[in-house]
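File shown: final-v1.txt. Contents: compact mmCIF, C-alpha atoms.
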# COMPACT_ATOMS: atom_id res chain seq x y z
CA THR A 1 121.93 137.30 69.58
CA LYS A 2 120.12 136.16 72.72
CA PRO A 3 122.40 133.71 74.60
CA GLN A 4 121.23 130.16 75.05
CA PRO A 5 119.95 129.27 78.54
CA ASP A 6 122.36 127.52 80.89
CA ILE A 7 120.61 124.14 80.77
CA ASP A 8 123.50 122.27 82.40
CA GLY A 9 123.60 124.82 85.21
CA HIS A 10 119.87 124.48 85.83
CA LEU A 11 120.16 120.69 85.87
CA ARG A 12 123.02 120.88 88.38
CA GLN A 13 120.95 123.24 90.50
CA ALA A 14 117.98 120.85 90.48
CA SER A 15 120.22 117.88 91.34
CA SER A 16 121.76 119.79 94.25
CA ARG A 17 118.35 120.68 95.61
CA ILE A 18 117.23 117.06 95.39
CA ASP A 19 120.30 116.03 97.38
CA ARG A 20 119.34 118.59 100.05
CA GLY A 21 115.77 117.30 100.22
CA GLU A 22 114.32 120.44 98.57
CA TYR A 23 112.09 118.49 96.21
CA THR A 24 109.48 121.15 95.48
CA ASP A 25 112.18 123.67 94.60
CA ALA A 26 113.95 121.12 92.41
CA ILE A 27 110.77 120.36 90.50
CA GLY A 28 110.20 124.09 90.11
CA VAL A 29 113.63 124.55 88.54
CA LEU A 30 113.08 121.63 86.17
CA ASN A 31 109.59 122.73 85.14
CA GLN A 32 110.22 126.44 84.81
CA LYS A 33 113.83 126.70 83.63
CA VAL A 34 114.46 123.44 81.75
CA ARG A 35 111.18 122.04 80.50
CA PRO A 36 110.42 124.95 78.08
CA HIS A 37 113.61 124.09 76.15
CA VAL A 38 113.35 120.30 75.77
CA ASP A 39 112.29 120.56 72.10
CA ALA A 40 114.96 123.12 71.20
CA ALA A 41 117.65 122.16 68.71
CA TYR A 42 120.38 122.91 71.22
CA PHE A 43 118.87 120.59 73.89
CA THR A 44 121.16 117.55 73.93
CA LYS A 45 120.35 113.87 74.40
CA GLU A 46 122.29 113.81 77.67
CA GLN A 47 120.32 116.79 78.97
CA LEU A 48 117.05 115.07 78.06
CA GLU A 49 118.11 111.92 79.91
CA GLN A 50 119.08 113.89 83.00
CA PHE A 51 115.91 116.00 82.90
CA HIS A 52 113.64 112.96 83.06
CA VAL A 53 115.78 111.17 85.66
CA LEU A 54 115.83 114.20 87.95
CA ARG A 55 112.08 114.75 87.66
CA GLY A 56 111.36 111.11 88.48
CA ARG A 57 113.84 111.19 91.36
CA ALA A 58 112.45 114.41 92.85
CA ILE A 59 108.82 113.30 92.70
CA GLY A 60 109.62 109.80 93.93
CA ARG A 61 111.65 110.98 96.91
CA ALA A 62 108.99 113.53 97.81
CA GLU A 63 106.33 110.82 97.83
CA ARG A 64 108.52 108.60 100.00
CA GLU A 65 109.56 111.20 102.55
CA LEU A 66 106.50 113.43 102.67
CA LEU A 67 104.06 110.50 102.62
CA ASN A 68 101.75 112.25 100.16
CA SER A 69 100.57 108.99 98.55
CA GLN A 70 99.13 110.72 95.49
CA ARG A 71 98.50 108.21 92.71
CA ALA A 72 99.09 110.85 90.04
CA ASN A 73 102.57 111.51 91.46
CA HIS A 74 103.44 107.82 91.40
CA GLU A 75 102.26 107.67 87.78
CA SER A 76 104.53 110.62 87.02
CA VAL A 77 107.50 108.79 88.56
CA LEU A 78 106.89 105.82 86.28
CA ALA A 79 106.42 108.04 83.23
CA GLU A 80 109.59 110.04 83.90
CA PHE A 81 111.78 106.99 84.41
CA ALA A 82 110.30 105.34 81.31
CA SER A 83 111.06 108.50 79.29
CA ALA A 84 114.57 108.59 80.74
CA GLU A 85 115.27 105.01 79.68
CA HIS A 86 113.70 105.63 76.27
CA ALA A 87 116.11 108.55 75.84
CA GLY A 88 119.00 106.20 76.69
CA ALA A 89 119.56 106.81 80.40
CA ALA A 90 120.67 104.04 82.75
CA LEU A 91 118.82 104.33 86.07
CA ASN A 92 120.85 103.91 89.22
CA GLY A 93 119.90 101.56 92.04
CA GLU A 94 117.96 104.11 94.06
CA ASP A 95 115.97 105.19 91.00
CA GLN A 96 115.00 101.56 90.41
CA VAL A 97 113.85 101.27 94.02
CA LEU A 98 111.75 104.43 93.59
CA ARG A 99 110.19 102.87 90.50
CA VAL A 100 109.26 99.71 92.40
CA GLU A 101 107.67 101.82 95.14
CA ALA A 102 105.62 103.63 92.48
CA LEU A 103 104.57 100.32 90.89
CA ILE A 104 103.34 99.06 94.25
CA ALA A 105 101.49 102.32 94.94
CA THR A 106 99.74 102.08 91.56
CA GLU A 107 98.81 98.42 92.16
CA ARG A 108 101.00 97.03 89.38
CA PHE A 109 101.92 94.15 91.60
CA ASP A 110 103.19 91.64 89.03
CA GLU A 111 105.56 94.16 87.48
CA ALA A 112 106.71 95.27 90.94
CA LYS A 113 107.48 91.66 91.85
CA ASP A 114 109.47 91.22 88.64
CA ARG A 115 111.41 94.46 89.21
CA ILE A 116 112.26 93.49 92.79
CA GLU A 117 113.79 90.25 91.57
CA ARG A 118 115.94 92.17 89.06
CA LEU A 119 117.24 94.90 91.36
CA PRO A 120 120.96 95.59 90.85
CA GLU A 121 123.52 94.55 93.42
CA GLU A 122 123.75 98.08 94.84
CA SER A 123 120.06 97.97 95.82
CA VAL A 124 119.68 94.46 97.26
CA ALA A 125 119.52 95.92 100.77
CA SER A 126 116.11 97.35 99.82
CA ARG A 127 114.79 94.00 98.56
CA VAL A 128 113.41 92.66 101.84
CA GLY A 129 111.61 95.91 102.68
CA LEU A 130 110.08 96.14 99.20
CA ARG A 131 108.84 92.56 99.37
CA LYS A 132 107.25 93.22 102.75
CA THR A 133 105.55 96.35 101.43
CA LEU A 134 104.27 94.47 98.39
CA ILE A 135 102.89 91.66 100.56
CA GLU A 136 101.13 94.16 102.83
CA GLU A 137 99.56 95.91 99.85
CA VAL A 138 98.18 92.77 98.18
CA LEU A 139 96.75 91.59 101.50
CA ASP A 140 95.15 95.00 102.05
CA GLU A 141 93.17 94.78 98.80
CA GLN A 142 89.38 94.53 98.97
CA TYR A 143 89.83 90.98 97.72
CA PRO A 144 93.21 89.96 99.16
CA LYS A 145 95.55 88.16 96.75
CA TYR A 146 96.40 85.31 99.08
CA GLU A 147 98.18 83.10 96.56
CA PHE A 148 100.32 85.98 95.32
CA ALA A 149 101.20 86.89 98.92
CA GLU A 150 102.09 83.31 99.80
CA ALA A 151 104.42 83.07 96.80
CA MET A 152 106.07 86.32 97.87
CA LEU A 153 106.43 85.01 101.43
CA ILE A 154 108.28 81.95 100.13
CA GLU A 155 110.69 84.21 98.24
CA LEU A 156 111.09 86.42 101.30
CA THR A 157 111.93 83.57 103.68
CA GLN A 158 114.52 82.25 101.21
CA ASP A 159 116.25 85.63 100.92
CA PRO A 160 119.79 85.42 102.37
CA LEU A 161 119.43 89.00 103.65
CA LEU A 162 116.50 88.05 105.89
CA VAL A 163 117.07 88.81 109.58
CA VAL A 164 115.25 87.17 112.46
CA GLY A 165 112.79 90.03 112.91
CA ASP A 166 111.77 89.81 109.26
CA ARG A 167 111.39 86.05 109.57
CA CYS A 168 109.07 86.66 112.51
CA TRP A 169 107.06 89.09 110.37
CA ALA A 170 106.81 86.58 107.52
CA THR A 171 105.63 83.85 109.91
CA ALA A 172 102.91 86.15 111.24
CA ARG A 173 101.68 87.05 107.74
CA ARG A 174 101.54 83.40 106.68
CA ALA A 175 99.56 82.52 109.80
CA GLU A 176 97.14 85.39 109.14
CA ILE A 177 96.57 84.12 105.60
CA GLN A 178 95.98 80.57 106.81
CA LEU A 179 93.52 81.73 109.47
CA ALA A 180 91.67 83.92 106.96
CA ARG A 181 91.34 80.95 104.59
CA GLY A 182 90.19 78.57 107.33
CA TYR A 183 93.41 76.53 107.55
CA THR A 184 93.55 76.73 111.33
CA ASP A 185 95.46 73.51 111.98
CA GLU A 186 98.10 74.50 109.43
CA ALA A 187 98.44 77.90 111.09
CA ILE A 188 99.00 76.31 114.50
CA THR A 189 101.55 73.84 113.13
CA GLY A 190 103.44 76.57 111.29
CA LEU A 191 103.55 78.89 114.29
CA LEU A 192 104.74 76.17 116.65
CA ARG A 193 107.42 75.10 114.17
CA GLU A 194 108.75 78.63 113.70
CA MET A 195 108.71 79.73 117.34
CA PRO A 196 112.16 78.26 118.19
CA ARG A 197 113.67 79.74 115.02
CA VAL A 198 112.68 83.29 115.97
CA ALA A 199 113.51 83.12 119.66
CA ALA A 200 116.10 85.87 119.18
CA ALA A 201 113.58 88.31 117.69
CA GLY A 202 112.30 91.34 119.59
CA ALA A 203 109.56 91.02 122.17
CA ASN A 204 106.87 92.73 120.07
CA PRO A 205 107.28 90.55 116.93
CA ARG A 206 107.34 87.39 119.04
CA GLY A 207 104.30 88.62 120.95
CA GLU A 208 102.37 88.87 117.68
CA LEU A 209 103.07 85.19 117.01
CA PHE A 210 101.68 84.24 120.43
CA THR A 211 98.60 86.37 119.71
CA LEU A 212 98.00 84.59 116.41
CA LEU A 213 98.57 81.22 118.08
CA GLY A 214 96.01 82.15 120.73
CA LEU A 215 93.49 83.19 118.08
CA ALA A 216 94.05 79.91 116.25
CA TYR A 217 93.44 77.89 119.41
CA MET A 218 90.26 79.90 120.00
CA GLU A 219 89.09 78.92 116.52
CA ILE A 220 89.30 75.22 117.35
CA GLY A 221 87.78 75.64 120.82
CA ALA A 222 90.98 75.06 122.81
CA VAL A 223 90.19 77.96 125.13
CA SER A 224 92.59 77.15 127.97
CA GLU A 225 95.50 76.85 125.54
CA ALA A 226 94.39 80.05 123.80
CA ARG A 227 94.31 81.87 127.11
CA LYS A 228 97.84 80.75 127.95
CA GLN A 229 99.21 81.98 124.62
CA LEU A 230 97.34 85.30 124.79
CA GLU A 231 98.51 85.95 128.36
CA ARG A 232 102.08 85.41 127.23
CA ALA A 233 101.54 87.70 124.25
CA SER A 234 100.19 90.47 126.48
CA GLU A 235 103.44 90.39 128.47
CA LEU A 236 105.57 90.83 125.36
CA ILE A 237 103.68 93.37 123.26
CA ASP A 238 104.15 97.10 123.77
CA ASP A 239 101.37 98.81 125.70
CA GLY A 240 99.13 101.18 123.81
CA THR A 241 99.60 99.63 120.36
CA ASP A 242 96.84 98.28 118.13
CA LEU A 243 98.33 94.82 118.47
CA TYR A 244 98.17 95.13 122.27
CA ALA A 245 94.49 96.10 122.06
CA GLN A 246 93.73 93.19 119.72
CA THR A 247 95.51 90.81 122.07
CA LEU A 248 93.61 92.01 125.14
CA LEU A 249 90.33 91.84 123.25
CA ALA A 250 91.03 88.21 122.36
CA LEU A 251 92.14 87.50 125.93
CA GLY A 252 88.94 89.06 127.27
CA ASN A 253 86.94 86.82 124.97
CA ALA A 254 88.85 83.81 126.28
CA TYR A 255 88.09 84.77 129.89
CA GLU A 256 84.45 85.21 128.94
CA LYS A 257 84.38 81.66 127.55
CA THR A 258 85.47 80.34 130.95
CA ASP A 259 82.95 82.54 132.84
CA GLU A 260 85.68 84.73 134.36
CA MET A 261 83.70 87.90 133.74
CA LEU A 262 85.64 90.23 136.00
CA LEU A 263 88.92 89.29 134.32
CA ALA A 264 87.27 89.77 130.93
CA LEU A 265 85.96 93.18 131.95
CA ASP A 266 89.44 94.22 133.07
CA GLN A 267 90.82 93.47 129.59
CA PHE A 268 87.99 95.31 127.85
CA ASP A 269 88.50 98.34 130.12
CA VAL A 270 92.14 98.56 129.09
CA VAL A 271 91.17 98.26 125.41
CA THR A 272 88.69 101.14 125.65
CA GLN A 273 91.26 103.27 127.45

Using the file provided, produce a representation of the structure as structure tokens.
Amino acid sequence: TKPQPDIDGHLRQASSRIDRGEYTDAIGVLNQKVRPHVDAAYFTKEQLEQFHVLRGRAIGRAERELLNSQRANHESVLAEFASAEHAGAALNGEDQVLRVEALIATERFDEAKDRIERLPEESVASRVGLRKTLIEEVLDEQYPKYEFAEAMLIELTQDPLLVVGDRCWATARRAEIQLARGYTDEAITGLLREMPRVAAAGANPRGELFTLLGLAYMEIGAVSEARKQLERASELIDDGTDLYAQTLLALGNAYEKTDEMLLALDQFDVVTQ
């Protein structure tokens, strides 16, 4: 005669808490009040779909907003969404974005790339950001996947949603790859070609391009030209940032090459500060 638990009520409660950003509480409701009943005869297909979707959504949003970066949590997101689809659920656009983020975090780069290309119309606004994150991750590997990153950069620069700041970012990443692989002349040519196209970008992104151009000129021994580009970069880049420090370090090295030791020391002093 014991009444059946209010599964639908618990699911609504968990969904409401997710909407309010109370992810830990939502997961608690799902685990403690819903999970024990998933194998019961009265547990419906629709309830099973919603259970897995809500668990994946809660864990995925928590990872995104709380910046936990726990691999096990990302694996759980993938498992929950896979179970939801297996049960017959159709994931919404945000859920599919959360899945891509989990794929990137678990280094499933090829699948992440494929999922990005197949995002539904409602999620295309996330496409550029996801591609940038994926490129950053493959370049941050112990053995960077340069060819994969370059292919992604081509897709990124052809994206109709690309804005000038993102184009600036893509130009910088391509130049970094070329410099890392020893293609210094190609890096210089590419940077010079793109500079007029990104003239409307913010000062900091444009400053990074001048820094990379200066580093490229240093590589080929064109110190005076490198110095000119690095000085311009130092005027554009925000003080106190890592990029600013890297720029001043390179500028100090350029001054050192021309025996201007006091100027070099001034740059190094700012870097240490």

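Distances to Val97 (chain A) were evaluated for A:Asn68, A:Thr184, A:Ser126, A:Thr241 using all atoms listed in the file, and the minimum falls at A:Ser126.
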
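Taking only C-alpha atoms into account, those protein, DNA and RNA residues with any atom at most 12 Å away from (116.1, 105.3, 77.7) amount to Lys45, Glu46, Leu48, Glu49, Gln50, Phe51, His52, Val53, Ala79, Glu80, Phe81, Ala82, Ser83, Ala84, Glu85, His86, Ala87, Gly88, Ala89, Ala90 and Leu91 of chain A.
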
>> Give me, as an MDAnalysis selection string, all polymer residues having an atom no more than 12 Å from Arg173 (chain A), counting all atoms listed in the file and skipping those fewer than 4 positions away in the same chain.
In response: chainID A and resid 132:133 135:136 138:140 146 149:154 156:157 166:169 177:180 187 190:191 205 208:209 212

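The interatomic distance for the pair CA of Tyr255 (chain A) and CA of Thr189 (chain A) works out to 24.1 Å.
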
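Take CA of Ser123 (chain A) and CA of Leu54 (chain A): the distance between them is 18.5 Å.
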
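Pairwise distance (CA of Asp159 (chain A), CA of Arg206 (chain A)) equals 20.3 Å.
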
>> Applying 12 Å and only C-alpha atoms, which residues near His37 (chain A) remain after dropping the ones on its own chain fewer than 3 positions away? List them as a VMD selection string.
In response: chain A and resid 4 to 8 10 30 to 34 40 to 44 47 to 48 51

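Here the residues that fall within 6 Å of (90.5, 90.9, 129.9), using all atoms listed in the file, are given as Leu248, Leu251, Gly252, Leu263, Ala264, Leu265, Asp266, Gln267 and Phe268 of chain A.
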
Rebuild region 244-256 of chain A to N, CA, C and O atoms - output it as an mmCIF file, keeping the file's coordinate frame, please.
data_model
loop_
_atom_site.group_PDB
_atom_site.id
_atom_site.type_symbol
_atom_site.label_atom_id
_atom_site.label_comp_id
_atom_site.auth_asym_id
_atom_site.auth_seq_id
_atom_site.Cartn_x
_atom_site.Cartn_y
_atom_site.Cartn_z
ATOM 1 N N TYR A 244 98.447 95.358 120.844
ATOM 2 C CA TYR A 244 98.170 95.130 122.270
ATOM 3 C C TYR A 244 96.668 95.112 122.511
ATOM 4 O O TYR A 244 96.152 94.242 123.231
ATOM 5 N N ALA A 245 95.951 96.055 121.895
ATOM 6 C CA ALA A 245 94.490 96.100 122.060
ATOM 7 C C ALA A 245 93.836 94.842 121.495
ATOM 8 O O ALA A 245 92.934 94.261 122.109
ATOM 9 N N GLN A 246 94.293 94.403 120.331
ATOM 10 C CA GLN A 246 93.730 93.190 119.720
ATOM 11 C C GLN A 246 93.987 91.967 120.594
ATOM 12 O O GLN A 246 93.126 91.083 120.728
ATOM 13 N N THR A 247 95.160 91.942 121.201
ATOM 14 C CA THR A 247 95.510 90.810 122.070
ATOM 15 C C THR A 247 94.625 90.785 123.311
ATOM 16 O O THR A 247 94.105 89.727 123.701
ATOM 17 N N LEU A 248 94.447 91.949 123.944
ATOM 18 C CA LEU A 248 93.610 92.010 125.140
ATOM 19 C C LEU A 248 92.148 91.726 124.824
ATOM 20 O O LEU A 248 91.433 91.137 125.645
ATOM 21 N N LEU A 249 91.705 92.151 123.661
ATOM 22 C CA LEU A 249 90.330 91.840 123.250
ATOM 23 C C LEU A 249 90.136 90.330 123.138
ATOM 24 O O LEU A 249 89.145 89.776 123.640
ATOM 25 N N ALA A 250 91.101 89.670 122.487
ATOM 26 C CA ALA A 250 91.030 88.210 122.360
ATOM 27 C C ALA A 250 91.130 87.535 123.721
ATOM 28 O O ALA A 250 90.420 86.555 124.008
ATOM 29 N N LEU A 251 91.991 88.076 124.594
ATOM 30 C CA LEU A 251 92.140 87.500 125.930
ATOM 31 C C LEU A 251 90.849 87.687 126.730
ATOM 32 O O LEU A 251 90.418 86.769 127.453
ATOM 33 N N GLY A 252 90.224 88.837 126.600
ATOM 34 C CA GLY A 252 88.940 89.060 127.270
ATOM 35 C C GLY A 252 87.895 88.072 126.797
ATOM 36 O O GLY A 252 87.103 87.544 127.594
ATOM 37 N N ASN A 253 87.886 87.807 125.493
ATOM 38 C CA ASN A 253 86.940 86.820 124.970
ATOM 39 C C ASN A 253 87.210 85.424 125.527
ATOM 40 O O ASN A 253 86.275 84.655 125.800
ATOM 41 N N ALA A 254 88.497 85.108 125.713
ATOM 42 C CA ALA A 254 88.850 83.810 126.280
ATOM 43 C C ALA A 254 88.375 83.712 127.725
ATOM 44 O O ALA A 254 87.830 82.670 128.155
ATOM 45 N N TYR A 255 88.566 84.771 128.504
ATOM 46 C CA TYR A 255 88.090 84.770 129.890
ATOM 47 C C TYR A 255 86.567 84.628 129.935
ATOM 48 O O TYR A 255 86.015 83.963 130.811
ATOM 49 N N GLU A 256 85.914 85.270 128.987
ATOM 50 C CA GLU A 256 84.450 85.210 128.940
ATOM 51 C C GLU A 256 83.983 83.766 128.703
ATOM 52 O O GLU A 256 82.975 83.316 129.266
#
